[in-house]
file my_file_26.tsv (TSV, C-alpha atoms)
chain	number	residue	atom	x	y	z
A	103	MET	CA	-1.52	-55.58	-35.46
A	104	ARG	CA	0.50	-55.82	-38.68
A	105	LEU	CA	3.25	-53.54	-39.92
A	106	PRO	CA	2.18	-50.02	-40.97
A	107	MET	CA	1.03	-49.50	-44.54
A	108	ASP	CA	2.56	-46.96	-46.90
A	109	VAL	CA	-0.49	-44.73	-46.54
A	110	THR	CA	-1.34	-41.54	-44.69
A	111	ALA	CA	-4.74	-40.88	-43.14
A	112	ALA	CA	-5.70	-37.30	-44.07
A	113	ILE	CA	-8.31	-35.64	-41.88
A	114	PRO	CA	-9.75	-32.14	-42.29
A	115	ALA	CA	-11.36	-30.69	-39.16
A	116	HIS	CA	-12.61	-27.43	-37.69
A	117	PRO	CA	-12.35	-26.16	-34.10
A	118	ALA	CA	-15.81	-27.37	-33.04
A	119	ARG	CA	-14.79	-30.95	-33.88
A	120	LEU	CA	-11.83	-30.61	-31.52
A	121	ARG	CA	-14.06	-29.33	-28.70
A	122	SER	CA	-16.71	-32.01	-29.21
A	123	GLY	CA	-14.24	-34.92	-29.15
A	124	MET	CA	-15.19	-36.05	-32.66
A	125	LEU	CA	-11.66	-35.58	-34.00
A	126	ASP	CA	-10.31	-37.63	-31.09
A	127	ARG	CA	-12.78	-40.41	-31.96
A	128	ALA	CA	-11.71	-40.32	-35.63
A	129	LEU	CA	-8.04	-40.51	-34.62
A	130	ARG	CA	-8.72	-43.46	-32.30
A	131	SER	CA	-10.30	-45.29	-35.24
A	132	VAL	CA	-7.14	-44.66	-37.28
A	133	ALA	CA	-4.96	-45.94	-34.44
A	134	ALA	CA	-7.10	-49.10	-34.17
A	135	GLN	CA	-6.44	-50.24	-37.75
A	136	THR	CA	-5.35	-53.87	-38.22
A	137	MET	CA	-2.81	-52.46	-40.67
A	138	PRO	CA	-2.11	-48.94	-39.40
A	139	PRO	CA	-1.10	-46.05	-41.64
A	140	ALA	CA	2.49	-44.83	-41.69
A	141	ALA	CA	1.34	-41.28	-40.88
A	142	VAL	CA	-1.62	-39.04	-40.12
A	143	SER	CA	-2.08	-35.55	-41.59
A	144	VAL	CA	-4.64	-33.36	-39.83
A	145	ALA	CA	-5.53	-29.86	-41.03
A	146	ILE	CA	-7.65	-27.55	-38.88
A	147	ASP	CA	-9.87	-24.92	-40.51
A	148	LEU	CA	-9.04	-21.93	-38.32
A	149	GLY	CA	-9.80	-19.38	-41.03
A	150	ARG	CA	-13.25	-20.65	-42.05
A	151	GLU	CA	-12.00	-21.72	-45.47
A	152	GLY	CA	-14.34	-24.72	-45.70
A	153	ALA	CA	-13.80	-28.43	-46.24
A	154	ALA	CA	-12.24	-28.26	-49.72
A	155	ALA	CA	-9.34	-25.98	-48.73
A	156	THR	CA	-8.84	-27.80	-45.43
A	157	ARG	CA	-8.87	-31.25	-47.06
A	158	GLN	CA	-6.33	-29.98	-49.61
A	159	ARG	CA	-4.04	-28.75	-46.80
A	160	ALA	CA	-4.24	-32.19	-45.16
A	161	LEU	CA	-3.36	-33.72	-48.55
A	162	ASP	CA	-0.44	-31.31	-48.99
A	163	GLY	CA	1.15	-32.86	-45.88
A	164	VAL	CA	1.05	-36.41	-47.28
A	165	LEU	CA	4.41	-37.98	-48.25
A	166	THR	CA	3.36	-41.64	-48.68
A	167	PRO	CA	2.28	-43.22	-52.01
A	168	LEU	CA	-1.34	-43.57	-50.83
A	169	VAL	CA	-3.73	-41.26	-48.99
A	170	ALA	CA	-6.85	-42.32	-47.07
A	171	PHE	CA	-9.32	-39.52	-46.43
A	172	LEU	CA	-11.51	-39.47	-43.34
A	173	ASP	CA	-13.86	-36.71	-42.20
A	174	SER	CA	-13.29	-35.67	-38.60
A	175	ASP	CA	-16.79	-36.75	-37.50
A	176	ASP	CA	-16.54	-40.25	-39.02
A	177	GLU	CA	-14.61	-43.44	-38.17
A	178	PHE	CA	-12.71	-46.21	-39.89
A	179	MET	CA	-13.72	-49.70	-38.83
A	180	PRO	CA	-10.63	-51.70	-37.76
A	181	GLU	CA	-10.04	-53.46	-41.09
A	182	HIS	CA	-10.81	-50.45	-43.32
A	183	LEU	CA	-7.31	-49.77	-44.61
A	184	GLU	CA	-6.37	-53.44	-44.87
A	185	ARG	CA	-9.47	-54.28	-46.92
A	186	VAL	CA	-9.53	-51.20	-49.16
A	187	ILE	CA	-5.82	-51.17	-49.97
A	188	GLY	CA	-5.83	-54.95	-50.43
A	189	PHE	CA	-8.62	-54.53	-52.99
A	190	MET	CA	-6.67	-51.78	-54.74
A	191	GLU	CA	-3.67	-54.08	-55.02
A	192	GLU	CA	-5.87	-56.94	-56.26
A	193	THR	CA	-7.53	-54.83	-58.97
A	194	GLY	CA	-4.67	-52.48	-59.90
A	195	ALA	CA	-6.84	-49.49	-58.99
A	196	ASP	CA	-5.71	-45.90	-58.49
A	197	PHE	CA	-8.75	-44.96	-56.38
A	198	CYS	CA	-11.01	-47.11	-54.22
A	199	TYR	CA	-14.10	-46.45	-52.16
A	200	SER	CA	-15.83	-48.93	-49.91
A	201	TRP	CA	-19.16	-48.27	-48.19
A	202	PHE	CA	-20.34	-47.08	-44.83
A	203	GLU	CA	-22.47	-48.06	-41.90
A	204	GLY	CA	-24.70	-45.03	-41.36
A	205	THR	CA	-26.03	-43.84	-38.03
A	206	ASN	CA	-28.99	-46.05	-37.07
A	207	GLY	CA	-28.52	-47.93	-40.35
A	208	PHE	CA	-29.34	-44.87	-42.45
A	209	ASP	CA	-28.00	-44.94	-46.02
A	210	PRO	CA	-29.04	-42.07	-48.34
A	211	PHE	CA	-27.49	-43.85	-51.36
A	212	PRO	CA	-28.56	-47.53	-51.09
A	213	MET	CA	-28.75	-47.82	-54.88
A	214	ASN	CA	-24.98	-47.29	-55.16
A	215	PHE	CA	-23.83	-49.99	-52.72
A	216	GLY	CA	-22.32	-52.97	-54.52
A	217	LYS	CA	-22.70	-51.41	-57.96
A	218	PRO	CA	-19.40	-51.49	-59.91
A	219	PHE	CA	-18.05	-48.02	-60.63
A	220	ASP	CA	-18.87	-46.80	-64.14
A	221	PRO	CA	-16.75	-43.79	-65.22
A	222	THR	CA	-19.32	-42.94	-67.91
A	223	ASN	CA	-22.01	-42.64	-65.23
A	224	PRO	CA	-20.14	-41.79	-62.00
A	225	VAL	CA	-21.83	-41.94	-58.61
A	226	GLU	CA	-21.19	-40.08	-55.38
A	227	THR	CA	-18.48	-42.01	-53.55
A	228	THR	CA	-18.44	-39.84	-50.40
A	229	SER	CA	-15.13	-38.37	-49.23
A	230	THR	CA	-13.89	-41.49	-47.39
A	231	VAL	CA	-11.73	-42.88	-50.18
A	232	VAL	CA	-8.19	-44.19	-50.69
A	233	LEU	CA	-6.21	-43.14	-53.72
A	234	ARG	CA	-2.72	-42.67	-55.04
A	235	THR	CA	-1.29	-39.50	-53.51
A	236	GLU	CA	0.25	-38.41	-56.80
A	237	LEU	CA	-3.19	-38.65	-58.44
A	238	ALA	CA	-4.89	-36.75	-55.61
A	239	LYS	CA	-2.31	-33.97	-55.74
A	240	GLU	CA	-2.63	-33.65	-59.51
A	241	ALA	CA	-6.42	-33.61	-59.31
A	242	ARG	CA	-6.46	-31.16	-56.36
A	243	ILE	CA	-9.38	-30.62	-54.01
A	244	GLU	CA	-10.80	-27.24	-54.71
A	245	ARG	CA	-13.98	-25.36	-54.16
A	246	LEU	CA	-15.74	-23.85	-57.13
A	247	PRO	CA	-14.14	-20.46	-57.81
A	248	GLU	CA	-17.42	-18.75	-58.67
A	249	ARG	CA	-18.96	-19.52	-55.26
A	250	LEU	CA	-17.54	-18.58	-51.89
A	251	HIS	CA	-19.55	-21.14	-49.95
A	252	ASN	CA	-19.88	-24.55	-51.53
A	253	GLY	CA	-19.38	-28.19	-50.72
A	254	GLY	CA	-19.26	-31.12	-53.12
A	255	GLU	CA	-15.49	-31.19	-53.39
A	256	ASP	CA	-15.52	-34.97	-53.01
A	257	PHE	CA	-17.52	-35.51	-56.20
A	258	ARG	CA	-15.43	-32.95	-58.08
A	259	LEU	CA	-12.36	-34.97	-57.03
A	260	VAL	CA	-13.94	-38.10	-58.52
A	261	LEU	CA	-14.70	-36.29	-61.79
A	262	ARG	CA	-11.19	-34.87	-62.01
A	263	CYS	CA	-9.66	-38.31	-61.39
A	264	ILE	CA	-11.78	-39.72	-64.22
A	265	GLU	CA	-10.49	-36.93	-66.49
A	266	LEU	CA	-6.94	-37.94	-65.54
A	267	GLY	CA	-7.63	-41.55	-66.56
A	268	ALA	CA	-7.69	-43.08	-63.07
A	269	LYS	CA	-9.00	-46.58	-62.52
A	270	ILE	CA	-11.69	-46.23	-59.83
A	271	VAL	CA	-13.13	-49.30	-58.11
A	272	HIS	CA	-15.77	-49.94	-55.48
A	273	LEU	CA	-15.20	-52.45	-52.68
A	274	PRO	CA	-18.74	-53.62	-51.80
A	275	GLU	CA	-18.09	-53.85	-48.06
A	276	ARG	CA	-19.04	-51.60	-45.16
A	277	THR	CA	-15.66	-50.63	-43.71
A	278	TRP	CA	-16.29	-47.23	-42.09
A	279	ARG	CA	-18.90	-45.39	-40.03
A	280	TRP	CA	-20.66	-42.32	-41.34
A	281	ASN	CA	-21.81	-40.53	-38.21
A	282	ILE	CA	-24.77	-38.71	-39.66
A	283	HIS	CA	-26.05	-35.92	-37.44
A	284	GLY	CA	-28.02	-32.74	-37.89
A	285	LEU	CA	-25.04	-30.46	-37.41
A	286	ASN	CA	-22.87	-31.48	-40.36
A	287	THR	CA	-21.10	-28.64	-42.15
A	288	SER	CA	-21.69	-30.02	-45.67
A	289	GLY	CA	-18.22	-28.66	-46.40
A	290	LEU	CA	-19.38	-25.07	-46.04
A	291	PRO	CA	-17.07	-22.63	-44.26
A	292	ASP	CA	-19.89	-20.62	-42.72
A	293	ARG	CA	-21.21	-23.69	-40.85
A	294	GLY	CA	-18.00	-24.78	-39.08
A	295	ASP	CA	-18.54	-23.06	-35.74
A	296	ALA	CA	-22.21	-24.01	-35.53
A	297	ALA	CA	-21.55	-27.67	-36.26
A	298	LEU	CA	-20.20	-30.25	-33.86
call {"tool": "encode", "arguments": {"input": "my_file_26.tsv", "output": "structure tokens"}}
result
Amino acid sequence: MRLPMDVTAAIPAHPARLRSGMLDRALRSVAAQTMPPAAVSVAIDLGREGAAATRQRALDGVLTPLVAFLDSDDEFMPEHLERVIGFMEETGADFCYSWFEGTNGFDPFPMNFGKPFDPTNPVETTSTVVLRTELAKEARIERLPERLHNGGEDFRLVLRCIELGAKIVHLPERTWRWNIHGLNTSGLPDRGDAAL
């Protein structure tokens, strides 16, 4: 294992993910990195605020120059941080997303894998991204004010980063596991207790 990177893994979770062991699995994948993060920031949604508010609280605890988001039911593969941050350094990017290995090989967005990011026609990157902390904090991760229950904060973060002039790149490698299951919350606060 190499020296820690100047990055924090930020993980939003809700109580059911603690009970199911999913958060423990996510944390083990962070600990298994070939280049581990300098810190981990976990926020637990005890007030049923939803993924956006909980992800923002995890971000608020980040003090390193880079933040790597991970949902509590997913996993980094061992070289995730090393590969993604290495690609950011190589390309001078502010924001990088790789790709995932879905449960049983499932990929709902196969048309986006390997396709260079185009800010004039942005695609869904998923929430497992690495970006400059300063950029993430300026962009903020917020739910839509006109709706109490809504997900999609990950794509709104992408759009806000584009507005701020960020250079976004795609690493065409599968470096994390998206554990797709029927009890995902989709970021909605009213689904947290029912979901694993």
call {"tool": "residues_around", "arguments": {"input": "my_file_26.tsv", "residues": "region 230-247 of chain A", "least_positions_apart": "2", "cutoff": "6 Å", "atoms": "all atoms listed in the file", "output": "PyMOL selection string"}}
result
chain A and resi 154+158+167-172+196-199+228+249+262
call {"tool": "write_last_selection", "arguments": {"input": "my_file_26.tsv", "atoms": "C-alpha atoms", "output": "PDB file, in the frame of the given file"}}
result
ATOM      1  CA  ALA A 154     -12.240 -28.260 -49.720  1.00  0.00           C
ATOM      2  CA  GLN A 158      -6.330 -29.980 -49.610  1.00  0.00           C
ATOM      3  CA  PRO A 167       2.280 -43.220 -52.010  1.00  0.00           C
ATOM      4  CA  LEU A 168      -1.340 -43.570 -50.830  1.00  0.00           C
ATOM      5  CA  VAL A 169      -3.730 -41.260 -48.990  1.00  0.00           C
ATOM      6  CA  ALA A 170      -6.850 -42.320 -47.070  1.00  0.00           C
ATOM      7  CA  PHE A 171      -9.320 -39.520 -46.430  1.00  0.00           C
ATOM      8  CA  LEU A 172     -11.510 -39.470 -43.340  1.00  0.00           C
ATOM      9  CA  ASP A 196      -5.710 -45.900 -58.490  1.00  0.00           C
ATOM     10  CA  PHE A 197      -8.750 -44.960 -56.380  1.00  0.00           C
ATOM     11  CA  CYS A 198     -11.010 -47.110 -54.220  1.00  0.00           C
ATOM     12  CA  TYR A 199     -14.100 -46.450 -52.160  1.00  0.00           C
ATOM     13  CA  THR A 228     -18.440 -39.840 -50.400  1.00  0.00           C
ATOM     14  CA  ARG A 249     -18.960 -19.520 -55.260  1.00  0.00           C
ATOM     15  CA  ARG A 262     -11.190 -34.870 -62.010  1.00  0.00           C
TER      16      ARG A 262
END
call {"tool": "atom_distance", "arguments": {"input": "my_file_26.tsv", "atom1": "CA of Pro117 (chain A)", "atom2": "CA of Asp173 (chain A)"}}
result
13.4 Å
call {"tool": "residues_around", "arguments": {"input": "my_file_26.tsv", "residues": "Pro274 (chain A)", "least_positions_apart": "6", "cutoff": "9 Å", "atoms": "only C-alpha atoms", "output": "short mmCIF file (atom, residue, chain, number, x, y, z; two decimals) with C-alpha atoms, keeping the file's coordinate frame"}}
result
data_model
loop_
_atom_site.label_atom_id
_atom_site.label_comp_id
_atom_site.auth_asym_id
_atom_site.auth_seq_id
_atom_site.Cartn_x
_atom_site.Cartn_y
_atom_site.Cartn_z
CA TYR A 199 -14.10 -46.45 -52.16
CA SER A 200 -15.83 -48.93 -49.91
CA TRP A 201 -19.16 -48.27 -48.19
CA PHE A 215 -23.83 -49.99 -52.72
CA GLY A 216 -22.32 -52.97 -54.52
CA LYS A 217 -22.70 -51.41 -57.96
CA PRO A 218 -19.40 -51.49 -59.91
#
call {"tool": "closest_residue", "arguments": {"input": "my_file_26.tsv", "among": "A:Pro212, A:Gly204, A:Pro139, A:Gly188", "to": "Leu165 (chain A)", "atoms": "all atoms listed in the file"}}
result
A:Pro139
call {"tool": "atom_distance", "arguments": {"input": "my_file_26.tsv", "atom1": "CA of Phe211 (chain A)", "atom2": "CA of Val109 (chain A)"}}
result
27.4 Å
call {"tool": "atom_distance", "arguments": {"input": "my_file_26.tsv", "atom1": "CA of Ala112 (chain A)", "atom2": "CA of Ser174 (chain A)"}}
result
9.5 Å
call {"tool": "closest_residue", "arguments": {"input": "my_file_26.tsv", "among": "A:Met137, A:Ala153, A:Ile264, A:Leu129", "to": "Arg185 (chain A)", "atoms": "only C-alpha atoms"}}
result
A:Met137
call {"tool": "residues_around", "arguments": {"input": "my_file_26.tsv", "residues": "Thr222 (chain A)", "least_positions_apart": "5", "cutoff": "12 Å", "atoms": "all atoms listed in the file", "output": "PyMOL selection string"}}
result
chain A and resi 260-261+264-265+267+270
call {"tool": "closest_residue", "arguments": {"input": "my_file_26.tsv", "among": "A:Leu183, A:Leu120, A:Thr193, A:Val144", "to": "Lys269 (chain A)", "atoms": "all atoms listed in the file"}}
result
A:Thr193
call {"tool": "residues_around", "arguments": {"input": "my_file_26.tsv", "residues": "Thr277 (chain A)", "least_positions_apart": "3", "cutoff": "8 Å", "atoms": "all atoms listed in the file", "output": "ChimeraX atom specification"}}
result
/A:178-182,185,200-203
call {"tool": "residues_around", "arguments": {"input": "my_file_26.tsv", "residues": "Thr156 (chain A)", "least_positions_apart": "2", "cutoff": "9 Å", "atoms": "only C-alpha atoms", "output": "ChimeraX atom specification"}}
result
/A:113-116,144-147,151-154,158-161
call {"tool": "closest_residue", "arguments": {"input": "my_file_26.tsv", "among": "A:Cys263, A:Leu273, A:Leu148, A:Val142", "to": "Asp162 (chain A)", "atoms": "all atoms listed in the file"}}
result
A:Val142
